[in-house]
Every structure is written in structure tokens, then in C-alpha cells.
>>> print(open('upload-v5.txt').read())   # compact mmCIF, C-alpha atoms
# COMPACT_ATOMS: atom_id res chain seq x y z
CA MET V 523 142.75 114.76 36.29
CA ALA V 524 142.41 118.49 35.77
CA ARG V 525 139.52 120.99 35.62
CA VAL V 526 139.82 122.58 32.20
CA LEU V 527 138.31 125.65 30.47
CA VAL V 528 138.19 125.24 26.68
CA VAL V 529 138.27 128.42 24.55
CA ASP V 530 137.84 128.45 20.75
CA ASP V 531 135.54 130.40 18.43
CA ALA V 532 134.73 127.23 16.45
CA ALA V 533 132.11 124.97 18.08
CA PHE V 534 133.72 122.02 16.31
CA MET V 535 137.15 122.68 17.83
CA ARG V 536 135.63 123.09 21.30
CA LYS V 537 133.95 119.71 20.86
CA LEU V 538 137.14 118.07 19.58
CA VAL V 539 139.25 119.40 22.46
CA SER V 540 136.53 118.68 25.07
CA ASP V 541 136.05 115.11 23.80
CA ALA V 542 139.81 114.48 23.92
CA LEU V 543 140.03 115.85 27.48
CA THR V 544 136.98 113.95 28.73
CA GLN V 545 138.24 110.70 27.25
CA GLY V 546 141.59 111.37 28.92
CA GLY V 547 139.84 111.56 32.32
CA HIS V 548 139.79 115.36 32.66
CA GLU V 549 136.79 117.48 33.53
CA VAL V 550 135.77 120.26 31.13
CA VAL V 551 134.31 122.84 33.52
CA GLY V 552 133.39 125.40 30.89
CA GLU V 553 133.72 126.63 27.32
CA ALA V 554 134.07 130.09 25.79
CA SER V 555 133.96 131.25 22.19
CA ASN V 556 135.93 134.50 22.34
CA GLY V 557 138.52 136.29 24.46
CA VAL V 558 136.01 138.36 26.42
CA GLU V 559 134.05 135.27 27.48
CA ALA V 560 137.32 133.45 28.20
CA VAL V 561 138.40 136.01 30.80
CA GLU V 562 134.88 136.05 32.36
CA ARG V 563 134.73 132.23 32.58
CA PHE V 564 138.25 132.11 33.98
CA LYS V 565 137.29 134.48 36.81
CA GLU V 566 134.09 132.56 37.50
CA LEU V 567 135.41 128.98 37.28
CA ALA V 568 139.08 129.23 38.34
CA PRO V 569 140.09 126.29 36.11
CA GLU V 570 143.39 124.48 36.64
CA VAL V 571 144.15 124.57 32.91
CA THR V 572 142.83 126.79 30.09
CA THR V 573 143.16 125.96 26.37
CA LEU V 574 143.11 129.16 24.33
CA ASP V 575 142.69 129.61 20.58
CA ILE V 576 144.82 132.45 19.15
CA THR V 577 142.59 133.81 16.38
CA MET V 578 139.16 134.76 17.78
CA PRO V 579 136.66 137.60 17.34
CA GLU V 580 135.99 140.25 20.03
CA LYS V 581 139.27 139.69 21.84
CA ASP V 582 142.07 137.46 20.52
CA GLY V 583 143.85 134.74 22.45
CA LEU V 584 147.02 136.75 23.11
CA THR V 585 145.10 139.59 24.77
CA ALA V 586 143.01 137.11 26.77
CA LEU V 587 146.21 135.33 27.84
CA THR V 588 147.69 138.57 29.18
CA GLU V 589 144.51 139.39 31.08
CA ILE V 590 144.22 135.88 32.54
CA LEU V 591 147.83 135.98 33.71
CA ALA V 592 147.22 139.41 35.26
CA LEU V 593 144.35 137.87 37.26
CA ASP V 594 146.40 134.83 38.24
CA PRO V 595 150.13 134.80 37.42
CA SER V 596 150.26 131.03 38.04
CA ALA V 597 147.47 130.27 35.53
CA ARG V 598 148.28 127.33 33.25
CA VAL V 599 147.34 128.24 29.71
CA ILE V 600 147.88 126.12 26.56
CA MET V 601 147.65 127.97 23.25
CA CYS V 602 145.98 126.42 20.17
CA SER V 603 147.25 127.82 16.89
CA ALA V 604 147.05 127.20 13.18
CA LEU V 605 150.14 126.60 11.11
CA GLY V 606 151.95 129.81 10.17
CA GLN V 607 151.42 131.56 13.49
CA GLU V 608 154.92 130.89 14.81
CA SER V 609 155.56 134.50 15.81
CA LYS V 610 152.29 134.71 17.76
CA VAL V 611 153.04 131.38 19.45
CA LEU V 612 156.48 132.61 20.52
CA GLU V 613 154.91 135.83 21.80
CA ALA V 614 152.43 133.76 23.86
CA ILE V 615 155.16 131.57 25.34
CA LYS V 616 157.14 134.69 26.19
CA ALA V 617 154.04 136.16 27.86
CA GLY V 618 153.68 133.06 30.05
CA ALA V 619 151.72 130.36 28.18
CA LYS V 620 152.84 126.89 29.32
CA ASP V 621 152.63 125.07 25.99
CA PHE V 622 150.98 125.13 22.59
CA VAL V 623 149.38 122.73 20.13
CA VAL V 624 149.16 123.27 16.38
CA LYS V 625 145.91 122.44 14.56
CA PRO V 626 145.14 119.93 13.25
CA PHE V 627 146.27 117.81 16.22
CA GLU V 628 145.91 114.29 17.54
CA PRO V 629 143.83 114.03 20.76
CA GLN V 630 146.91 112.64 22.52
CA ARG V 631 148.82 115.86 21.84
CA VAL V 632 146.24 117.83 23.88
CA LEU V 633 146.47 115.33 26.74
CA ASP V 634 150.28 115.51 26.71
CA ALA V 635 150.14 119.31 26.87
CA VAL V 636 147.73 119.20 29.84
CA ALA V 637 149.91 116.62 31.60
CA LYS V 638 152.97 118.80 31.04
CA ALA V 639 151.20 121.96 32.19
CA THR V 640 150.02 120.36 35.42
CA SER V 641 153.18 118.41 36.27
CA MET W 1357 159.64 132.87 -15.93
CA LEU W 1358 156.42 134.09 -14.29
CA ASP W 1359 154.48 131.13 -15.73
CA ARG W 1360 156.95 128.72 -14.18
CA ALA W 1361 156.83 130.52 -10.82
CA LEU W 1362 153.02 130.52 -10.93
CA LEU W 1363 152.84 126.78 -11.59
CA GLU W 1364 155.44 126.03 -8.91
CA THR W 1365 153.54 128.16 -6.39
CA GLY W 1366 150.33 126.34 -7.27
CA ARG W 1367 151.91 122.88 -7.08
CA ARG W 1368 153.62 123.36 -3.75
CA THR W 1369 150.62 125.01 -2.12
CA ALA W 1370 148.28 122.33 -3.43
CA ALA W 1371 150.59 119.58 -2.14
CA ALA W 1372 150.56 121.16 1.35
CA VAL W 1373 146.76 121.49 1.26
CA GLU W 1374 146.46 117.84 0.17
CA ARG W 1375 148.59 116.75 3.14
CA LEU W 1376 146.34 118.76 5.46
CA LEU W 1377 143.15 117.32 3.97
CA LYS W 1378 144.56 113.81 4.39
CA THR W 1379 144.94 114.41 8.14
CA HIS W 1380 141.16 114.91 8.22
CA CYS W 1381 139.87 112.32 5.76
CA GLY W 1382 142.83 110.09 4.89
CA ASP W 1383 142.93 108.67 1.38
CA GLN W 1384 139.63 110.32 0.54
CA ALA W 1385 141.53 113.50 -0.35
CA GLU W 1386 143.45 113.50 -3.59
CA LEU W 1387 145.18 116.22 -5.59
CA GLY W 1388 144.61 116.25 -9.35
CA ALA W 1389 145.89 118.65 -11.99
CA VAL W 1390 147.42 122.05 -11.27
CA ALA W 1391 147.08 124.51 -14.15
CA PRO W 1392 147.11 128.23 -14.89
CA VAL W 1393 143.66 129.78 -15.35
CA PRO W 1394 143.27 131.70 -18.63
CA GLU W 1395 141.45 135.04 -18.53
CA GLN W 1396 137.66 134.97 -18.79
CA THR W 1397 137.36 131.36 -17.62
CA ASN W 1398 135.70 130.11 -14.46
CA PRO W 1399 137.96 127.61 -12.65
CA PHE W 1400 134.99 126.55 -10.50
CA ALA W 1401 132.89 125.42 -13.47
CA MET W 1402 133.36 121.72 -12.54
CA VAL W 1403 132.26 122.14 -8.91
CA PRO W 1404 128.54 121.34 -8.37
CA VAL W 1405 126.41 123.80 -6.38
CA PRO W 1406 125.31 124.55 -3.74
CA ALA W 1407 128.87 124.74 -2.56
CA VAL W 1408 130.90 125.88 0.41
CA LEU W 1409 133.15 128.73 -0.62
CA SER W 1410 136.00 130.07 1.47
CA ASP W 1411 138.21 132.96 0.53
CA VAL W 1412 140.99 134.87 2.16
CA GLY W 1413 143.16 137.81 1.13
CA TYR W 1414 146.84 138.32 1.86
CA ILE W 1415 147.26 141.25 4.24
CA GLY W 1416 149.35 143.97 2.63
CA ALA W 1417 148.79 142.70 -0.92
CA SER W 1418 145.45 144.01 -2.08
CA THR W 1419 145.40 141.91 -5.23
CA GLY W 1420 146.10 138.42 -3.93
CA GLY W 1421 144.32 135.64 -2.14
CA ASN W 1422 143.21 132.02 -2.07
CA ILE W 1423 139.73 130.64 -2.77
CA PHE W 1424 138.51 127.09 -2.05
CA GLY W 1425 135.23 125.70 -3.36
CA LEU W 1426 133.70 122.34 -2.41
CA PRO W 1427 130.13 121.08 -3.04
CA VAL W 1428 127.93 120.97 0.07
CA ALA W 1429 127.67 117.17 -0.21
CA GLY W 1430 131.48 116.92 -0.13
CA ALA W 1431 131.66 119.38 2.75
CA ARG W 1432 129.21 117.29 4.78
CA ALA W 1433 131.24 114.13 4.10
CA LEU W 1434 134.45 115.93 5.10
CA ALA W 1435 132.84 117.26 8.29
CA ALA W 1436 131.65 113.73 9.15
CA ALA W 1437 135.18 112.37 8.60
CA MET W 1438 136.58 115.11 10.87
CA MET W 1439 134.14 114.08 13.60
CA GLY W 1440 134.86 110.38 13.13
CA ARG W 1441 131.35 109.66 11.85
CA PRO W 1442 130.23 107.84 8.70
CA ALA W 1443 129.32 110.04 5.70
CA PRO W 1444 125.70 111.31 5.87
CA GLU W 1445 123.34 109.40 3.58
CA ASP W 1446 120.34 111.73 3.62
CA GLY W 1447 121.72 113.77 0.69
CA GLY W 1448 120.59 117.02 2.31
CA ASP W 1449 121.87 120.28 0.88
CA GLU W 1450 122.28 122.04 4.20
CA LEU W 1451 125.01 121.99 6.78
CA ASP W 1452 124.02 121.93 10.43
CA GLU W 1453 125.80 124.18 12.92
CA LEU W 1454 128.45 121.66 13.93
CA GLU W 1455 129.15 120.63 10.31
CA MET W 1456 129.53 124.28 9.32
CA SER W 1457 131.87 124.86 12.25
CA ALA W 1458 134.00 121.84 11.27
CA ILE W 1459 134.19 122.98 7.65
CA GLY W 1460 135.03 126.53 8.75
CA GLU W 1461 137.87 125.07 10.82
CA ALA W 1462 139.11 122.90 7.92
CA MET W 1463 139.05 125.96 5.68
CA ASN W 1464 140.96 128.02 8.29
CA GLN W 1465 143.62 125.33 8.53
CA MET W 1466 143.78 124.95 4.75
CA MET W 1467 144.20 128.67 4.17
CA ALA W 1468 146.80 128.94 6.96
CA THR W 1469 148.71 126.03 5.38
CA ALA W 1470 148.54 127.68 1.96
CA ALA W 1471 149.80 130.99 3.37
CA ALA W 1472 152.58 129.24 5.32
CA THR W 1473 153.69 127.45 2.14
CA MET W 1474 153.84 130.72 0.22
CA ALA W 1475 155.73 132.31 3.12
CA GLY W 1476 158.25 129.46 2.98
CA LEU W 1477 158.74 129.96 -0.76
CA LEU W 1478 159.13 133.71 -0.41
CA GLY W 1479 161.22 133.65 2.75
CA GLN W 1480 158.92 136.13 4.46
CA GLU W 1481 155.71 135.96 6.47
CA VAL W 1482 152.44 136.03 4.56
CA ASP W 1483 149.74 137.29 6.92
CA ILE W 1484 146.11 136.43 6.25
CA ASP W 1485 142.79 137.54 7.68
CA PRO W 1486 140.47 134.84 9.08
CA PRO W 1487 138.88 133.26 5.97
CA ASN W 1488 135.30 134.07 4.99
CA THR W 1489 133.45 130.74 4.68
CA ARG W 1490 129.82 130.47 3.51
CA VAL W 1491 127.40 128.40 1.44
CA VAL W 1492 126.71 129.77 -2.06
CA ALA W 1493 124.10 128.84 -4.67
CA SER W 1494 126.36 129.78 -7.58
CA LEU W 1495 130.11 129.78 -8.18
CA ASP W 1496 129.93 131.92 -11.34
CA ASP W 1497 131.33 134.95 -9.55
CA ALA W 1498 133.52 133.12 -7.04
CA LEU W 1499 136.73 134.32 -8.69
CA GLY W 1500 135.49 137.86 -9.35
CA ASN W 1501 137.62 139.91 -11.72
CA PRO W 1502 141.28 139.37 -10.92
CA PRO W 1503 143.30 142.52 -11.68
CA ALA W 1504 145.90 142.61 -14.45
CA SER W 1505 148.56 142.80 -11.72
CA ALA W 1506 147.82 139.20 -10.68
CA MET W 1507 147.93 135.71 -12.23
CA VAL W 1508 145.60 132.84 -11.38
CA VAL W 1509 146.37 129.14 -10.83
CA SER W 1510 143.86 126.39 -10.09
CA SER W 1511 144.37 123.00 -8.42
CA SER W 1512 141.73 120.30 -8.67
CA PHE W 1513 141.04 118.01 -5.72
CA THR W 1514 138.77 115.09 -5.02
CA VAL W 1515 137.46 115.30 -1.44
CA CYS W 1516 135.38 112.35 -0.20
CA GLY W 1517 134.46 111.57 -3.82
CA HIS W 1518 133.46 115.16 -4.72
CA PRO W 1519 135.31 117.56 -7.03
CA ALA W 1520 136.82 120.61 -5.33
CA ARG W 1521 139.06 123.47 -6.44
CA LEU W 1522 141.76 125.58 -4.83
CA VAL W 1523 142.26 128.80 -6.80
CA GLN W 1524 145.10 131.18 -6.02
CA VAL W 1525 145.23 134.76 -7.19
CA VAL W 1526 148.92 135.61 -7.00
CA PRO W 1527 150.27 139.16 -7.44
CA ARG W 1528 152.90 139.38 -10.19
CA SER W 1529 155.26 141.03 -7.68
CA PHE W 1530 155.13 137.79 -5.61
CA LEU W 1531 155.87 135.76 -8.71
CA VAL W 1532 158.86 137.88 -9.66
CA ARG W 1533 160.33 137.31 -6.20
CA MET W 1534 159.32 133.64 -6.32
CA GLY W 1535 161.07 133.27 -9.69
CA GLN W 1536 164.23 134.79 -8.22
CA ALA W 1537 164.02 132.52 -5.17
CA LEU W 1538 163.60 129.43 -7.38
CA GLU W 1539 166.57 130.53 -9.50
CA GLU W 1540 168.68 131.02 -6.35
CA HIS W 1541 167.70 127.57 -5.05
CA ALA W 1542 168.70 126.06 -8.39
CA GLU W 1543 172.02 127.94 -8.35
CA HIS W 1544 172.73 126.73 -4.78
CA ALA W 1545 172.00 123.18 -5.84
CA ARG W 1546 174.37 123.52 -8.82
CA ALA W 1547 177.06 125.04 -6.57
CA ALA W 1548 176.63 122.19 -4.09
CA ASP W 1549 176.99 119.70 -6.96
CA ARG W 1550 180.16 121.42 -8.14
CA ALA W 1551 181.55 121.47 -4.59
CA ARG W 1552 180.77 117.78 -4.24
CA GLY W 1553 182.52 117.12 -7.53
CA ALA W 1554 185.60 119.05 -6.38
CA ALA W 1555 185.59 117.26 -3.04
CA ASP W 1556 185.38 113.91 -4.79
CA ALA W 1557 188.52 114.79 -6.73
CA THR W 1558 190.65 115.90 -3.78
CA VAL W 1559 189.75 113.93 -0.64
CA PRO W 1560 188.99 110.32 0.12
CA ALA W 1561 185.36 111.37 0.35
CA ALA W 1562 183.90 107.90 0.72
CA ALA W 1563 185.76 107.41 3.97
CA LEU W 1564 184.48 110.69 5.41
CA ARG W 1565 180.96 110.73 4.14
CA ASP W 1566 179.51 108.67 6.99
CA VAL W 1567 181.24 110.60 9.78
CA LYS W 1568 178.51 111.84 12.11
CA LEU W 1569 178.55 115.50 13.14
CA ARG W 1570 176.67 117.26 15.93
CA VAL W 1571 174.38 119.95 14.57
CA TRP W 1572 172.43 122.30 16.80
CA ALA W 1573 170.49 125.54 16.61
CA GLU W 1574 171.01 128.31 19.14
CA ILE W 1575 168.17 130.72 19.86
CA GLY W 1576 170.03 133.06 22.20
CA ARG W 1577 172.47 133.51 25.07
CA THR W 1578 172.69 135.36 28.34
CA ARG W 1579 175.28 136.02 31.00
CA MET W 1580 174.66 135.98 34.73
CA PRO W 1581 176.70 135.92 37.92
CA MET W 1582 177.29 132.52 39.49
CA ALA W 1583 175.23 133.58 42.52
CA ARG W 1584 172.19 134.09 40.31
CA ALA W 1585 172.79 130.88 38.32
CA VAL W 1586 172.81 128.65 41.40
CA GLY W 1587 169.64 130.34 42.67
CA ILE W 1588 167.53 129.61 39.58
CA ARG W 1589 164.26 127.82 40.39
CA PRO W 1590 161.80 125.99 38.12
CA GLY W 1591 159.24 128.38 36.69
CA GLU W 1592 161.62 131.31 36.56
CA VAL W 1593 162.01 133.02 33.17
CA VAL W 1594 165.51 133.73 31.90
CA GLU W 1595 165.62 136.42 29.19
CA LEU W 1596 167.97 135.76 26.28
CA ASP W 1597 169.80 138.32 24.16
CA ARG W 1598 167.55 138.00 21.12
CA ASP W 1599 164.00 138.81 20.10
CA ALA W 1600 161.61 135.99 19.19
CA GLU W 1601 161.70 137.28 15.61
CA ASP W 1602 165.49 137.23 15.31
CA PRO W 1603 167.24 134.56 13.25
CA VAL W 1604 168.77 131.58 15.03
CA ASP W 1605 172.33 130.33 14.59
CA LEU W 1606 173.12 126.87 13.29
CA TYR W 1607 176.30 125.18 14.54
CA VAL W 1608 178.20 122.14 13.28
CA ASN W 1609 180.55 120.67 15.90
CA GLY W 1610 180.81 124.02 17.66
CA ARG W 1611 181.38 126.17 14.60
CA ARG W 1612 178.64 128.51 13.40
CA PHE W 1613 177.97 127.89 9.74
CA ALA W 1614 174.56 129.38 9.00
CA THR W 1615 171.70 131.49 10.30
CA GLY W 1616 168.05 130.72 9.76
CA THR W 1617 164.47 131.18 10.83
CA LEU W 1618 162.87 128.94 13.43
CA LEU W 1619 159.64 127.36 12.20
CA ARG W 1620 157.34 124.47 12.94
CA VAL W 1621 156.82 121.78 10.35
CA ASP W 1622 153.66 119.79 9.73
CA ASP W 1623 154.35 117.04 12.27
CA GLY W 1624 154.87 119.62 15.04
CA ASP W 1625 158.69 119.44 15.18
CA TRP W 1626 160.84 122.53 15.22
CA ALA W 1627 162.88 123.17 12.09
CA VAL W 1628 165.24 125.84 10.82
CA ARG W 1629 164.96 127.42 7.39
CA ILE W 1630 168.47 128.45 6.34
CA GLU W 1631 168.63 132.15 5.44
CA SER W 1632 172.37 132.60 4.95
CA LEU W 1633 175.54 130.52 5.03
CA ASP W 1634 178.60 131.89 6.78
CA PRO W 1635 181.58 132.46 4.49
>>> encode(input="upload-v5.txt", output="C-alpha cells")
Amino acid sequence: MARVLVVDDAAFMRKLVSDALTQGGHEVVGEASNGVEAVERFKELAPEVTTLDITMPEKDGLTALTEILALDPSARVIMCSALGQESKVLEAIKAGAKDFVVKPFEPQRVLDAVAKATS
Amino acid sequence: MLDRALLETGRRTAAAVERLLKTHCGDQAELGAVAPVPEQTNPFAMVPVPAVLSDVGYIGASTGGNIFGLPVAGARALAAAMMGRPAPEDGGDELDELEMSAIGEAMNQMMATAAATMAGLLGQEVDIDPPNTRVVASLDDALGNPPASAMVVSSSFTVCGHPARLVQVVPRSFLVRMGQALEEHAEHARAADRARGAADATVPAAALRDVKLRVWAEIGRTRMPMARAVGIRPGEVVELDRDAEDPVDLYVNGRRFATGTLLRVDDGDWAVRIESLDP
């Protein structure tokens, strides 16, 4: 079981990811709807795992990822991307993201990514 | 040739969008006819209002983009399906916050899928802005006035029992390149047929056809001293000699025979799109 921060600008996606995590026995400790909030929540909550959408207003997921890793180089971050963002996904993995899921996804895919990130 | 390229673009994009819709609402999404849109006609005429309208432009091509229109009742049913709930029966014409968020997400995914399909056809990335999704009382001006430098194709869908439309405004320059790409694909297929014919004539092909070969893709290499190699620990990052954007090499039984672009297909697996075959 992991303490997870869920970041996505769409309320629906936050609900979908949070529901999947809760049903998988994880604890969703917080949510954020843009990159600025994501970094703030990360500092405040110190989650074990963070799921991070790539396309968001204010500050995008890639920038938030870099800032989170600067705060804690061992942070476990899973990127959520839409189809067609392969180059951004590769950039994120290169920058230190542990895994990624492509929307739309099955709930199990999120749980697998969290299990992999925390193993 | 442009008409054919336009129709092919429309068909393939619509098929990809249908697959995406089916992941959200199963058999309740169905693709109908794909047809060019003549000038001065409104492809959204069959979609009841109020409707949810989503549009997105291709970055770097000021004249092109995709537009999707779906009646509010259909959008609510789709949102319910995405949340695993039964379709709403109150017949209301408004979307609540969560429904709107779900539909916005479906539209984002749909537009990303459409752009990725076009990128696959063109062999280059098609960047898009985040789509603009909103509820409109009229679809009369949804298409606007497409410029003479673009052509328009419309695909009809049924989503949760409601008529919907995907309309693509495609720059002629895209279609010229698309036409060339389609012609090249056809020529490759003909060449492969000829090669197969020649092979049939010269070798006992039937005996060899089922021989299994190892095929792998290589994303990069590096060299390091033995002392460093034995000291590698989990979590360490080893840089390879290529950029993430560089093509990958495809090998058959140890021999490089093609280069291609790494991409992810719908079911999440990695795949390689062949860019060139080695001589």
C-alpha cells in the first residue's frame, strides 16, 4: 500500500485514477490540478508515489517532474499521457520518471505501475 | 488524387476514433459513412443541439484542424458510460462538472488519437494544442469558413444512440504528401509481391516460409570499462549513444535490415514504424 498524490487537470481523470488506487488498497493523500499545485502538494505531503498528467495549464507535467525530482531525487513519479505524446514520454523517462500510462487505461494498469514504482 | 487522399485520411482517422470511443462505451459507439464535405454545406446539420463541440488546430498549419460535435444528451450518456454508471434518464440539457470533465477528457483523447493517426500517415509528428471543448446552442457556425487551401471530410458516428460528427479540415499540402505516401505504400506492396513471385520461382519457398527468425529493435549502445560495468547498481542511469528522437535499428538474426521510429500502439505495446530498408 502506498501514499499517492494524484495530479491531472481533469476532475474526471483524478477521480478515475483515485478510484483505481483506492480499490487497489492504496491511500490517495492529495490531488492537484496543475503543475504549480503539484509541486506545492508534493512538498507538503511527501507522497511515496505521484501520478502526473503531462498536458496541464499553469505548469505542465514535465516541468513539475523536474522540480519534484530537484526537491527529492528519489521521488517516484508515474506520467499519464495521451496517445501521440511519445517524445514527451521519453523525455520524462530520461528526466527520471519511473513509468508511464497512456490514456485511456484500465485501472489495473495504474496499479501495476504503482507496484513497479514501489518495488 | 487529392480526393482519394482526403477520403483515406478521413477513413483511417475515423476508424481510430471509433476504436477509442469503444474503449469508453463499447458497442454503443459506431462509425457510419465517411464523405467529403462540399463547399457551403454544414456537416453538423444532422446533430441536434444543444451540443458539445470540441475543436483543435494543428500547430504549425494555420489552416487545419479537427472538430467533433455530439448532442448534450449523447455526451451525458457517454460520460455516464465512462464512469461506469447507467445513462441518465432525466433528459436534462446540462452537463454537471464531472460530466463535463469526462467529456473534455474523451475529446482530448479523441483529438490526440486523430492527430496520432495523421502523424502515422504522414510519417511526421502532428502537434496539437489542448482542444477547446464547450456546450453550444447552435452548430451553424461550427465549421466556420474553411480556406481554399484546405479540404473538408466528415465522418458520422452513433454514440450511445445519438448522432455525432467528426469533421476534419485538412490542408491541401498535407493531402499532397499523403497522396505521395499512399502511392509509395502501394509501390512497396507491389514490389513485395514481385519479390515474392521471384522467390517462388527460384527457391523451395514453402520449405522456408515457416522458419522462425529473431527480430529485435535496438535503441542505442554504449561502451564502458569492465570496472564500471561490474559496479552498476539498480537505479543507475546508463546513457546511450542516441537521442530519444533518433530512429531505432531493426535487426533480423543479427543483421540490421531497417531503421524506424519507436511508437506506442493502442494496446500500450511498443512498435516500430519502418522508415527505411537497408539495401
>>> closest_atom_pairs(input="upload-v5.txt", of="segment 566-613 of chain V", to="segment 1586-1598 of chain W", cutoff="12 Å", atoms="all atoms listed in the file", output="JSON lines")
{"residue": "V:Pro595", "atom": "CA", "partner": "W:Gly1591", "partner_atom": "CA", "distance": 11.2}
{"residue": "V:Ser596", "atom": "CA", "partner": "W:Gly1591", "partner_atom": "CA", "distance": 9.5}
{"residue": "V:Ala597", "atom": "CA", "partner": "W:Gly1591", "partner_atom": "CA", "distance": 12.0}
{"residue": "V:Arg598", "atom": "CA", "partner": "W:Gly1591", "partner_atom": "CA", "distance": 11.5}
>>> residues_around(input="upload-v5.txt", residues="Arg525 of chain V", least_positions_apart="6", cutoff="8 Å", atoms="all atoms listed in the file", output="VMD selection string")
chain V and resid 548 to 551 569 to 571
>>> closest_residue(input="upload-v5.txt", among="V:Ala568, V:Val528, V:Val539, V:Val624", to="Glu608 of chain V", atoms="all atoms listed in the file")
V:Val624
>>> residues_around(input="upload-v5.txt", residues="Thr585 of chain V", least_positions_apart="3", cutoff="10 Å", atoms="only C-alpha atoms", output="VMD selection string")
chain V and resid 557 to 558 561 576 581 to 582 588 to 590 614
>>> closest_residue(input="upload-v5.txt", among="V:Pro626, V:Gly583, V:Gly546, V:Gly552", to="chain W", atoms="only C-alpha atoms")
V:Pro626
>>> closest_residue(input="upload-v5.txt", among="W:Met1463, W:Ala1585, W:Leu1619, W:Val1508", to="chain V", atoms="all atoms listed in the file")
W:Leu1619
>>> atom_distance(input="upload-v5.txt", atom1="atom CA of Ala1537 of chain W", atom2="atom CA of Val1412 of chain W")
24.3 Å
>>> interface_residues(input="upload-v5.txt", of="chain V", to="chain W", cutoff="9 Å", atoms="only C-alpha atoms", output="ChimeraX atom specification")
/V:532-535,538,577-578,604-609,612-613,616,618,623-627
>>> residues_around(input="upload-v5.txt", residues="Pro1527 of chain W", least_positions_apart="3", cutoff="12 Å", atoms="all atoms listed in the file", output="number ranges by chain")
W: 1358, 1361-1362, 1365, 1413-1414, 1416-1422, 1474, 1502-1509, 1524, 1530-1534
>>> residues_around(input="upload-v5.txt", residues="Ile600 of chain V", least_positions_apart="3", cutoff="7 Å", atoms="only C-alpha atoms", output="list in words")
Thr572, Thr573, Leu574, Ala619, Lys620, Asp621 and Phe622 of chain V
>>> write_last_selection(input="upload-v5.txt", atoms="C-alpha atoms", output="PDB file, keeping the file's coordinate frame")
ATOM      1  CA  THR V 572     142.830 126.790  30.090  1.00  0.00           C
ATOM      2  CA  THR V 573     143.160 125.960  26.370  1.00  0.00           C
ATOM      3  CA  LEU V 574     143.110 129.160  24.330  1.00  0.00           C
ATOM      4  CA  ALA V 619     151.720 130.360  28.180  1.00  0.00           C
ATOM      5  CA  LYS V 620     152.840 126.890  29.320  1.00  0.00           C
ATOM      6  CA  ASP V 621     152.630 125.070  25.990  1.00  0.00           C
ATOM      7  CA  PHE V 622     150.980 125.130  22.590  1.00  0.00           C
TER       8      PHE V 622
END
>>> atom_distance(input="upload-v5.txt", atom1="atom CA of Leu1606 of chain W", atom2="atom CA of Ile1630 of chain W")
8.5 Å
>>> atom_distance(input="upload-v5.txt", atom1="atom CA of Asp1497 of chain W", atom2="atom CA of Gly1425 of chain W")
11.8 Å
>>> closest_residue(input="upload-v5.txt", among="W:Pro1519, W:Pro1394, W:Pro1487, W:Gly1366", to="Ala1407 of chain W", atoms="all atoms listed in the file")
W:Pro1519
>>> residues_around(input="upload-v5.txt", residues="segment 1609-1617 of chain W", least_positions_apart="6", cutoff="8 Å", atoms="all atoms listed in the file", output="list in words")
Leu1569, Arg1570, Val1571, Asp1602, Pro1603, Val1628, Arg1629, Ile1630, Glu1631, Ser1632, Leu1633, Asp1634 and Pro1635 of chain W
>>> closest_residue(input="upload-v5.txt", among="V:Ser603, V:Gln630, V:Gln545, V:Asn556", to="Met523 of chain V", atoms="all atoms listed in the file")
V:Gln545
